[in-house]
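**Q** The structure under discussion is supplied below as structure tokens; questions concerning it will follow.
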Amino acid sequence: MEAFAIARVQLSFASIIATPTGAERFATAFYNALWSESTGIRSLFPAGMESMRQRFATAVGWVVARLHEPGTVEKFLGQLARDHRKYGVEPLHYRVAGNALLAAVRECTPLILWTAALERTWAEVVDGVVETMATAAATDDLPASWGATVVGHERVLPDLAIIRLEADSPIPYYAGQYMSVQIPQRPHMWRYLSAAIPPNPYGQIEFHVRRVSTGWVSPALVGETAVGDRWTIGPPLGGLHVDRESGRDVLMIASGTGLAPMRAQIMEMAMRGDNPRVHLFYGGKYPCDLYDLETLWQIATTNPWLTIVPVLEEKENPWWHPVPVKETPTGLNRPMYGKLGKVAGQFGTWADRQIQIAGSPSMIRTTLYALSAAGTPRQNISFDPL
């Protein structure tokens with residue numbers, strides 16, 4: 001697709017999400033059109049659609065922003081198609097979804113911008129999305145999901161748990177990826193979690209979960225999960241990885257349980273003899289939020305390529321988190337204080353690094369802004385959209 005056509009699509013989508021409620025309105029229009037096109041599709045999805053609407057708008061925005069990177073978009077859409085197999089979505093459903101997507105774009109784009117030329121361009125984009133996803137779903141020979149048994153549940157903070165499972169058969173993910181999970185306490189609801197350890201032939205996997213007070217699934221994950229529970233795990237997703245062929249060192253920036261995909265990659269790198277240098281800025285509001293700092297320090301003591309930089313906003317835990325804080329081992333960095341992205345940006349442009357960010361959407365946004373303001377090229381930075 002020509003650069004001018006890509007810019008036209010990007011401008012129209014920017015107009016759709018320009019208002020605070022724009023993304024929600026767009027996603028709602030899509031699902032309304034989808035249900036009206038085929039009543040049978042509605043039964044494939046959960047009753048509560050709020051998080052799914054949010055993810056849909058985010059995913060479309062991510063694709064639109066990267067239309068100039070067809071290889072990256074194709075990989076992402078292929079993963080999404082394989083993930084949707086767990087709902088029972090079939091290749092033929094993607095044409096129906098494509099019609100609904102075009103209808104939602106038409107409905108939500110300001111009338112002054114909607115022209116016949118723009119509709120033809122959007123139709124070309126939608127056709128590409130439909131073809132890519134339908135092909136990926138039709139040609140995937142992996143299971144739609146895996147069964148797994150909970151073998152460990154450790155409550156490391158009142159609102160944070162480390163959960164370990166053994167899958168019935170090894171899940172073919174790589175360090176840095178995430179996957180969707182469904183638990184018996186919340187049937188038909190899925191939550192995306194990043195693997196905190198690299199893959200292994202025994203099917204062992206570990207997730208770090210923080211309770212979201214307004215969430216449906218995370219409170220059950222943290223407070224109700226028990227050893228012996230049976231989970232369903234969807235296909236691996238995401239593109240965070242260290243490019244060992246690039247010759248560039250690595251900057252990782254993680255907050256809270258966003259540490260998980262970085263941790264898995266670092267553990268995998270520790271099994272190798274030769275690695276690029278890695279700087280990990282690990283941040284939280286309070287000292288207790290750096291719940292796995294000791295593990296990182298232990299890895300760093302025997303791997304000189306790894307530097308850990310703890311970043312805190314507050315020096316002491318609040319009264320409701322009376323967690324003892326261990327002293328920093330001699331020779332390793334003591335915490336820095338401030339907003340995570342701003343602290344990382346103080347060290348310069350990081351223009352020579354491959355950069356990964358993981359954390360809450362607001363943390364990712366503010367960190368992207370801080371790095372860009374310091375002169376970091378945007379194309380150097382990777383993060384997963386979902």
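As shown in the structure tokens, the chain order sets the letters A, B, ...; within each chain, residues go from 1, and ligands are also counted from 1 in the order they appear.
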Distance table requested - segment 38-102 of chain A against segment 360-369 of chain A, cut-off 12 Å, only C-alpha atoms: one row per qualifying residue with the closest atom pair and its distance in Å to one decimal, ordered by chain and rising residue number, as a Markdown table.
**A**
```
| residue | atom | partner | partner_atom | distance |
| --- | --- | --- | --- | --- |
| A:Gln54 | CA | A:Pro361 | CA | 11.3 |
| A:Arg55 | CA | A:Pro361 | CA | 11.3 |
| A:Thr58 | CA | A:Pro361 | CA | 10.3 |
```
**Q** Quick one: pick out all helix (DSSP H, G or I) residues within segment 67-272 of chain A from a backbone DSSP run and write them as a ChimeraX atom specification.
**A** /A:70-87,93-108,116-139,218-223,256-269
**Q** What lies within 8 Å of Ser12 of chain A using only C-alpha atoms, ignoring chain neighbours under 3 positions off, as a list in words?
**A**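 Everything that qualifies: Arg8, Val9, Ser15, Ile16, Thr109 and Leu113 of chain A.
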**Q** Which residue out of A:Leu293, A:Leu371, A:Leu259, A:Leu221 has the minimum interatomic distance to Arg155 of chain A when only C-alpha atoms are used?
**A**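 Comparing A:Leu293, A:Leu371, A:Leu259, A:Leu221 against Arg155 of chain A, the winner is A:Leu221.
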**Q** For a test of reading the model, state the distance in Å between atom CA of Val130 of chain A and atom CA of Ala97 of chain A, rounded to one decimal.
**A**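 Separation of atom CA of Val130 of chain A and atom CA of Ala97 of chain A: 7.9 Å.
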**Q** Segment 212-262 of chain A: which residues are strand (DSSP E) by DSSP, as a PyMOL selection string?
**A** chain A and resi 230-233+249-255
**Q** May I ask which of the residues A:Ala264, A:Leu237, A:Ile308, A:Ala5 is the closest one to Thr121 of chain A, counting only C-alpha atoms?
**A**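 So, comparing all the options, the nearest one is A:Ala5.
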**Q** Which is closer to Arg211 of chain A than all the others in A:Ser51, A:Thr257, A:Thr135, A:Ser194, using only C-alpha atoms?
**A**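 Nearest to Arg211 of chain A: A:Thr257.
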**Q** Restricting the calculation to only C-alpha atoms: of A:Ala358, A:Ala7, A:Val217, A:Ile17, which residue gets closest to Leu386 of chain A?
**A**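 Checking each of A:Ala358, A:Ala7, A:Val217, A:Ile17 against Leu386 of chain A, counting only C-alpha atoms, the winner is A:Ala358.
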**Q** Can I get the residues of segment 114-206 of chain A within 10 Å of segment 27-50 of chain A, each with the closest pair of atoms and their distance in Å to one decimal, using only C-alpha atoms, sorted chain first then ascending number, as a Markdown table?
**A**
```
| residue | atom | partner | partner_atom | distance |
| --- | --- | --- | --- | --- |
| A:Pro187 | CA | A:Pro46 | CA | 8.9 |
| A:His188 | CA | A:Pro46 | CA | 5.6 |
| A:Met189 | CA | A:Pro46 | CA | 6.2 |
| A:Trp190 | CA | A:Pro46 | CA | 8.7 |
```
**Q** Output C-alpha atoms for every residue in the selection just made, as a compact mmCIF listing (two decimals), in the first residue's frame.
**A**
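Result saved to part-v1.txt:
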```
# COMPACT_ATOMS: atom_id res chain seq x y z
CA PRO A 187 -15.79 -19.84 33.21
CA HIS A 188 -16.00 -18.25 29.74
CA MET A 189 -13.79 -15.36 30.85
CA TRP A 190 -10.20 -15.06 29.67
```
**Q** What is the distance, in Å and to one decimal place, between atom CA of Phe281 of chain A and atom CA of Arg378 of chain A?
**A**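 Interatomic distance here is 18.2 Å.
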**Q** Counting only C-alpha atoms, which of A:Ala195, A:Ser246, A:Ser255, A:Asp140 gets nearest to Asn380 of chain A?
**A**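 When distances to Asn380 of chain A are compared using only C-alpha atoms, the smallest one comes from A:Ser246.
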**Q** Where does segment 222-255 of chain A meet segment 73-95 of chain A within 12 Å, residue by residue, with the nearest atom pair and distance in Å to one decimal for each, counting only C-alpha atoms, listed by chain and rising number, as a tab-separated table?
**A**
```
residue	atom	partner	partner_atom	distance
A:Thr232	CA	A:Lys86	CA	9.4
A:Ile233	CA	A:Lys86	CA	9.0
A:Gly234	CA	A:Asp83	CA	6.2
A:Pro235	CA	A:Asp83	CA	5.4
A:Pro236	CA	A:Gln79	CA	7.6
A:Leu237	CA	A:Gln79	CA	5.8
A:Gly238	CA	A:Phe76	CA	7.4
A:Gly239	CA	A:Phe76	CA	8.0
A:Leu240	CA	A:Phe76	CA	11.6
```
**Q** Once you have the residues from the selection above, write them out as a PDB file, in the first residue's frame, restricted to all heavy atoms.
**A**
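Produced file again-v5.pdb, reproduced below:
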```pdb
ATOM      1  N   THR A 232      -7.493 -23.695  31.487  1.00  0.00           N
ATOM      2  CA  THR A 232      -7.363 -23.795  30.042  1.00  0.00           C
ATOM      3  C   THR A 232      -6.479 -22.645  29.578  1.00  0.00           C
ATOM      4  O   THR A 232      -6.705 -21.497  29.972  1.00  0.00           O
ATOM      5  CB  THR A 232      -8.730 -23.718  29.348  1.00  0.00           C
ATOM      6  OG1 THR A 232      -9.581 -24.743  29.860  1.00  0.00           O
ATOM      7  CG2 THR A 232      -8.583 -23.893  27.844  1.00  0.00           C
ATOM      8  N   ILE A 233      -5.483 -22.934  28.777  1.00  0.00           N
ATOM      9  CA  ILE A 233      -4.511 -21.935  28.342  1.00  0.00           C
ATOM     10  C   ILE A 233      -4.538 -21.841  26.819  1.00  0.00           C
ATOM     11  O   ILE A 233      -4.456 -22.848  26.110  1.00  0.00           O
ATOM     12  CB  ILE A 233      -3.091 -22.294  28.825  1.00  0.00           C
ATOM     13  CG1 ILE A 233      -3.075 -22.356  30.359  1.00  0.00           C
ATOM     14  CG2 ILE A 233      -2.076 -21.266  28.325  1.00  0.00           C
ATOM     15  CD1 ILE A 233      -1.723 -22.705  30.948  1.00  0.00           C
ATOM     16  N   GLY A 234      -4.684 -20.610  26.322  1.00  0.00           N
ATOM     17  CA  GLY A 234      -4.735 -20.376  24.882  1.00  0.00           C
ATOM     18  C   GLY A 234      -3.357 -20.299  24.257  1.00  0.00           C
ATOM     19  O   GLY A 234      -2.332 -20.338  24.951  1.00  0.00           O
ATOM     20  N   PRO A 235      -3.287 -20.168  22.932  1.00  0.00           N
ATOM     21  CA  PRO A 235      -2.012 -20.135  22.210  1.00  0.00           C
ATOM     22  C   PRO A 235      -1.155 -18.935  22.611  1.00  0.00           C
ATOM     23  O   PRO A 235      -1.670 -17.892  23.013  1.00  0.00           O
ATOM     24  CB  PRO A 235      -2.433 -20.036  20.745  1.00  0.00           C
ATOM     25  CG  PRO A 235      -3.839 -20.532  20.710  1.00  0.00           C
ATOM     26  CD  PRO A 235      -4.439 -20.129  22.018  1.00  0.00           C
ATOM     27  N   PRO A 236       0.159 -19.092  22.503  1.00  0.00           N
ATOM     28  CA  PRO A 236       1.066 -17.981  22.850  1.00  0.00           C
ATOM     29  C   PRO A 236       0.934 -16.817  21.882  1.00  0.00           C
ATOM     30  O   PRO A 236       0.682 -17.001  20.683  1.00  0.00           O
ATOM     31  CB  PRO A 236       2.454 -18.624  22.779  1.00  0.00           C
ATOM     32  CG  PRO A 236       2.294 -19.824  21.912  1.00  0.00           C
ATOM     33  CD  PRO A 236       0.894 -20.306  22.127  1.00  0.00           C
ATOM     34  N   LEU A 237       1.114 -15.614  22.429  1.00  0.00           N
ATOM     35  CA  LEU A 237       0.997 -14.371  21.663  1.00  0.00           C
ATOM     36  C   LEU A 237       2.163 -13.457  22.017  1.00  0.00           C
ATOM     37  O   LEU A 237       2.839 -13.645  23.017  1.00  0.00           O
ATOM     38  CB  LEU A 237      -0.317 -13.656  21.990  1.00  0.00           C
ATOM     39  CG  LEU A 237      -1.629 -14.417  21.770  1.00  0.00           C
ATOM     40  CD1 LEU A 237      -2.763 -13.705  22.495  1.00  0.00           C
ATOM     41  CD2 LEU A 237      -1.920 -14.518  20.286  1.00  0.00           C
ATOM     42  N   GLY A 238       2.338 -12.433  21.213  1.00  0.00           N
ATOM     43  CA  GLY A 238       3.302 -11.395  21.556  1.00  0.00           C
ATOM     44  C   GLY A 238       4.616 -11.529  20.813  1.00  0.00           C
ATOM     45  O   GLY A 238       4.973 -12.605  20.316  1.00  0.00           O
ATOM     46  N   GLY A 239       5.340 -10.407  20.765  1.00  0.00           N
ATOM     47  CA  GLY A 239       6.575 -10.385  19.990  1.00  0.00           C
ATOM     48  C   GLY A 239       7.794  -9.890  20.731  1.00  0.00           C
ATOM     49  O   GLY A 239       8.820  -9.611  20.100  1.00  0.00           O
ATOM     50  N   LEU A 240       7.737  -9.749  22.060  1.00  0.00           N
ATOM     51  CA  LEU A 240       8.913  -9.297  22.781  1.00  0.00           C
ATOM     52  C   LEU A 240      10.011 -10.353  22.706  1.00  0.00           C
ATOM     53  O   LEU A 240       9.792 -11.521  23.049  1.00  0.00           O
ATOM     54  CB  LEU A 240       8.576  -9.024  24.249  1.00  0.00           C
ATOM     55  CG  LEU A 240       7.660  -7.825  24.540  1.00  0.00           C
ATOM     56  CD1 LEU A 240       7.470  -7.658  26.036  1.00  0.00           C
ATOM     57  CD2 LEU A 240       8.215  -6.541  23.922  1.00  0.00           C
TER      58      LEU A 240
END
```
**Q** Counting only C-alpha atoms, which of A:Asp249, A:Asp243, A:Glu107, A:Glu166 gets nearest to Pro199 of chain A?
**A** A:Glu166
**Q** Atom CA of Ser180 of chain A to atom CA of Ile266 of chain A: how many Å, to one decimal?
**A**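 One can read the atom CA of Ser180 of chain A to atom CA of Ile266 of chain A distance as 22.1 Å.
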